[in-house]
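Participant: First the structure, which I've put down as structure tokens, then a few questions once you've had a look.
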Amino acid sequence: MGSASCEHVAAFKSLYRLQPLHILHRKLICPHSEFFSREAISLLKCMLCRSRRGKHRLHACLHCVFIGCFEKKHLHRHQKATGHNLSIDLTFGNTHCASCRDYVYDDDFEKVRLACRNGHRNGIHQNLPVWEPEKIDLNFLGQHAKRLTVDGRSTLGLRGLVNQGNTCFMNVVIQALTHSPVLRDYFLMEKHPRCSPSEISSCIVCEFSQIFQEFFSNENSNPMTPYRLLLLVWRNSEYLAGYEQQDAHEFLIAVLDMIHERLQPRIEGGSIDLTGHAERSIIDQVFTGYMQSNVVCNQCGNISQTIDPLRDISLDIPQVPSASLMDCLSKFTKKEQLGNASKINCKKCGKRQESSKQLTISRLPVVACLHLKRFEQTATGSRSKVATPVSFPKTLDMGPFMSSARNTSLSPEFCDSAHYKYELFAVVNHMGNLQSGHYTSFIRQTSSWFRCDDSLITKASIEQVLNSEAYLLFYHKKSIRF
Amino acid sequence: MADSRESEADFKDRLHAKLQNSGELEKLKQTLRDRLQECGWTDSMRKICKEKVRASSIENVSIDDLVNEVTPIGRDQVPAEIKNEILLKLRAFLDEEA
């Protein structure tokens with residue numbers, strides 16, 4: 001007899017074994033093919049009131065061929081008349097015992113239920129199989145009783161970063177990346193196997209794994225010094241070396257490139273495998289979106305379309321009094337006349353014609369990094385900072401900027417607006433001017449915001465975040481479909 | 001009066017059957033499950049059930065009691081956004097089927 005079972009199930013098992021249960025699961029609850037599924041649908045109704053509704057909680061009698069609903073007590077009527085006490089709930093497959101007046105969980109019955117359910121998922125619905133802990137997992141958890149709970153007061157995931165001499169540009173990027181969804185999961189699940197001792201000092205992915213461990217494995221209130229990451233980036237990108245203040249955006253792009261390159265599969269000898277069979281790197285999976293560029297000939301209307309990958313969107317800031325992020329994105333995706341001086345060669349017309357160009361987003365990334373171009377070279381060749389405040393929302397709807405917004409022939413599924421909603425999770429701010437400036441950031445963990453100023457982490461309000469002068473904005477997709 | 005009430009119930013049954021046979025019901029259910037999970041409703045419901053069981057004791061709580069107590073709370077806590085989304089999809093389905 002199982003641990004949560006009852007004597008009635010034991011009695012049933014000794015008479016009939018598991019066959020009746022198996023049949024019910026395979027035919028009615030988890031049919032493994034389209035054919036059985038349709039058959040099942042026609043049978044799935046209460047034999048007394050014909051109801052098919054989920055809320056009436058249909059049950060199938062285990063002793064005979066009867067299906068009755070729980071709500072209207074039709075199942076109970078049958079059970080009273082026949083003395084049959086065991087039934088299966090047709091929505092979830094759990095066993096109910098009328099004598100015990102409760103659901104019972106017999107080990108053997110559970111095995112049948114799970115086996116059929118996992119088979120069902122893989123067959124029809126193509127969902128991922130549900131993970132159930134094995135004995136080894138249960139033993140491990142039993143032996144290691146310490147649990148880390150993340151509540152409102154927990155500092156898990158929060159860590160200060162020591163400024164190594166104008167390295168705040170690096171610190172803000174580390175804060176943003178360690179709090180990026182999906183990327184964080186990749187590192188915490190240790191999807192990158194640790195490199196050998198000879199390789200590890202040159203592996204940026206191993207270094208980030210280590211940084212993630214420092215942030216998330218315990219509540220450490222001392223700031224950490226990411227000196228190894230600094231050295232790695234210096235060795236790889238000389239233009240970022242030295243103790244001068246660097247551009248946080250350039251650093252972000254350099255780091256993402258380095259991680260991506262490091263994850264490219266290598267063949268014997270260390271060179272990159274270009275056969276193209278590789279899966280997309282985690283960087284591409286998280287940050288890479290696709291931009292569509294349409295060049296339309298003003299003369300004949302011929303459209304020349306190119307699609308390019310993009311890991312971030314750099315936005316010009318319109319010089320208007322109360323500029324918003326939506327204004328920047330609208331400007332970015334606006335149709336622009338290229339003018340007389342920049343005629344494009346039209347394939348249809350066979351000669352250079354005046355054309356228009358429009359950029360739209362053809363595929364959105366999981367994490368969208370928006371870069372406000374505050375450090376621009378002016379017409380005279382000097383660089384200055386554009387300190388115009390730009391307001392930005394907590395929730396961003398990318399719908400209006402999509403290529404599909406202008407394309408009505410796509411199926412309704414793609415126009416599902418839920419796919420275009422993004423939530424803010426990190427903001428990088430720059431204070432001061434080009435000569436002497438400082439970077440700080442805001443990051444969000446679940447629903448709490450924190451301000452990160454090198455080694456100082458303080459609690460912040462959403463109002464503080466939204467009122468800050470943003471340089472880099474990080475949004476993540478609200479819902480992710482597999 | 002009795003007639004119009006009957007036909008509403010009949011209509012609901014007919015709609016349910018159409019939804020089930022075309023496979024649309026399963027799609028809508030999955031969409032609903034996803035949305036409720038995403039907005040934290042599923043986790044909130046789990047927490048409420050756990051608390052109710054802890055309040056009395058596991059011996060005293062039956063599935064029926066739990067269902068009766070928690071169902072109205074659950075219905076009440078579904079965000080209006082999600083209700084609207086499902087309603088719109090149902091309406092679209094009805095328009096097509098007509």
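Residues are named by chain letter and number: chains run A, B, ... in the order of the structure tokens, numbers start at 1 in each chain, and ligands are numbered from 1 in the order shown.
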Tell me the residues of chain A close to chain B, meaning within 9 Å using only C-alpha atoms, as a list in words.

Facilitator: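 Output check: Arg38, Ile41, Ser42, Ser51, Arg52, Arg53, Arg101, Asp102, Tyr103, Lys478 and Ser479 of chain A.
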
Participant: Which residues, written as number ranges by chain, have at least one atom at most 12 Å from Ala176 of chain A, with only C-alpha atoms counted and residues fewer than 5 positions away on the same chain left out?

Facilitator: A: 157-158, 169-171, 181, 183-184, 212, 248-249, 252, 367-369, 424-429, 440-445, 450-452, 472-476

Participant: Give the alpha helix (DSSP H) residues of segment 34-156 of chain A, as DSSP finds them on the backbone, and put them as number ranges by chain.

Facilitator: A: 34-43, 74-82, 107-120, 135-143

Participant: Excluding Asn220 of chain A and residues on its chain fewer than 3 positions from it, collect all residues at most 10 Å away from it, counting only C-alpha atoms, and give them as a list of chain:residue names.

Facilitator: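 Contacts, with the query itself left out: A:Thr155, A:Leu156, A:Gly157, A:Leu158, A:Arg159, A:Gly160, A:Glu214, A:Phe215, A:Phe216, A:Ser217, A:Pro223, A:Met224.
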
Participant: Just N, CA, C and O atoms for this one: save the residues we selected as an mmCIF file, in the first residue's frame.

Facilitator:
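Saved the output as selection-v2.cif:
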```cif
data_model
loop_
_atom_site.group_PDB
_atom_site.id
_atom_site.type_symbol
_atom_site.label_atom_id
_atom_site.label_comp_id
_atom_site.auth_asym_id
_atom_site.auth_seq_id
_atom_site.Cartn_x
_atom_site.Cartn_y
_atom_site.Cartn_z
ATOM 1 N N THR A 155 19.022 40.246 0.224
ATOM 2 C CA THR A 155 19.956 40.996 -0.620
ATOM 3 C C THR A 155 20.591 40.082 -1.661
ATOM 4 O O THR A 155 21.603 40.410 -2.258
ATOM 5 N N LEU A 156 19.967 38.912 -1.865
ATOM 6 C CA LEU A 156 20.498 37.981 -2.867
ATOM 7 C C LEU A 156 20.420 38.635 -4.238
ATOM 8 O O LEU A 156 19.404 39.216 -4.594
ATOM 9 N N GLY A 157 21.503 38.566 -4.993
ATOM 10 C CA GLY A 157 21.499 39.180 -6.311
ATOM 11 C C GLY A 157 21.995 40.609 -6.285
ATOM 12 O O GLY A 157 22.192 41.232 -7.322
ATOM 13 N N LEU A 158 22.203 41.163 -5.107
ATOM 14 C CA LEU A 158 22.706 42.531 -5.005
ATOM 15 C C LEU A 158 24.143 42.506 -4.534
ATOM 16 O O LEU A 158 24.467 41.844 -3.546
ATOM 17 N N ARG A 159 25.010 43.209 -5.223
ATOM 18 C CA ARG A 159 26.423 43.231 -4.836
ATOM 19 C C ARG A 159 27.027 44.529 -5.325
ATOM 20 O O ARG A 159 26.800 44.945 -6.468
ATOM 21 N N GLY A 160 27.793 45.162 -4.489
ATOM 22 C CA GLY A 160 28.480 46.387 -4.907
ATOM 23 C C GLY A 160 29.707 46.041 -5.732
ATOM 24 O O GLY A 160 30.231 44.936 -5.647
ATOM 25 N N GLU A 214 29.196 35.118 -7.553
ATOM 26 C CA GLU A 214 29.433 36.111 -6.494
ATOM 27 C C GLU A 214 28.166 36.893 -6.155
ATOM 28 O O GLU A 214 27.947 37.285 -5.028
ATOM 29 N N PHE A 215 27.338 37.122 -7.168
ATOM 30 C CA PHE A 215 26.115 37.893 -6.936
ATOM 31 C C PHE A 215 25.018 37.063 -6.300
ATOM 32 O O PHE A 215 24.247 37.561 -5.483
ATOM 33 N N PHE A 216 24.902 35.782 -6.720
ATOM 34 C CA PHE A 216 23.709 35.023 -6.370
ATOM 35 C C PHE A 216 23.899 33.842 -5.428
ATOM 36 O O PHE A 216 22.922 33.224 -5.032
ATOM 37 N N SER A 217 25.122 33.476 -5.052
ATOM 38 C CA SER A 217 25.197 32.255 -4.249
ATOM 39 C C SER A 217 25.050 32.503 -2.760
ATOM 40 O O SER A 217 24.782 31.593 -2.025
ATOM 41 N N PRO A 223 31.564 44.611 -1.222
ATOM 42 C CA PRO A 223 31.606 44.766 -2.677
ATOM 43 C C PRO A 223 32.688 43.878 -3.279
ATOM 44 O O PRO A 223 33.645 43.529 -2.605
ATOM 45 N N MET A 224 32.536 43.502 -4.533
ATOM 46 C CA MET A 224 33.561 42.697 -5.176
ATOM 47 C C MET A 224 34.314 43.545 -6.204
ATOM 48 O O MET A 224 33.823 44.582 -6.646
#
```

Participant: Counting only C-alpha atoms, which residue out of B:Val78, B:Ile86, B:Ala9, B:Leu94 sits closest to Leu36 of chain B?

Facilitator: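 Looking at the shortest contact to Leu36 of chain B, the residue is B:Val78.
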
Participant: What does the distance between atom CA of Lys421 of chain A and atom CA of Leu396 of chain A come to in Å, to one decimal place?

Facilitator: 5.8 Å

Participant: Between atom CA of Ser330 of chain A and atom CA of Phe401 of chain A, measure the distance and give it in Å to one decimal.

Facilitator: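 According to the coordinates, atom CA of Ser330 of chain A and atom CA of Phe401 of chain A are separated by 7.2 Å.
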
Participant: Calculated over only C-alpha atoms, which of the candidates A:Leu456, A:Ile282, A:Val173, A:Leu18 has the smallest distance to Ile259 of chain A?

Facilitator: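 Using only C-alpha atoms, Ile259 of chain A sits closest to A:Ile282.
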
Participant: Separation of atom CA of Leu315 of chain A and atom CA of Phe332 of chain A, in Å?

Facilitator: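 According to the coordinates, atom CA of Leu315 of chain A and atom CA of Phe332 of chain A are separated by 6.6 Å.
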
Participant: Could you list, as a list in words, every residue within 8 Å of Glu71 of chain A, counting only C-alpha atoms and ignoring same-chain residues fewer than 5 positions away?

Facilitator: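 The contact residues come out as Lys55, His56 and Arg57 of chain A.
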
Participant: Now that the selection is made, can you save its residues with N, CA and C atoms as a PDB file, in the first residue's frame?

Facilitator:
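The result, stored in again.pdb:
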```
ATOM      1  N   LYS A  55     -16.052  22.922 -15.160  1.00  0.00           N
ATOM      2  CA  LYS A  55     -16.363  23.302 -13.790  1.00  0.00           C
ATOM      3  C   LYS A  55     -17.259  22.300 -13.095  1.00  0.00           C
ATOM      4  N   HIS A  56     -17.864  21.389 -13.863  1.00  0.00           N
ATOM      5  CA  HIS A  56     -18.686  20.364 -13.224  1.00  0.00           C
ATOM      6  C   HIS A  56     -17.869  19.158 -12.781  1.00  0.00           C
ATOM      7  N   ARG A  57     -16.591  19.171 -13.094  1.00  0.00           N
ATOM      8  CA  ARG A  57     -15.640  18.171 -12.604  1.00  0.00           C
ATOM      9  C   ARG A  57     -16.073  16.741 -12.901  1.00  0.00           C
TER      10      ARG A  57
END
```

Participant: Within 12 Å of Ile48 of chain B, counting only C-alpha atoms, which residues show up once you throw out same-chain ones fewer than 2 positions away? Write them as a ChimeraX atom specification, please.

Facilitator: /B:41-46,50-55,66-67,69-71,73-74,77
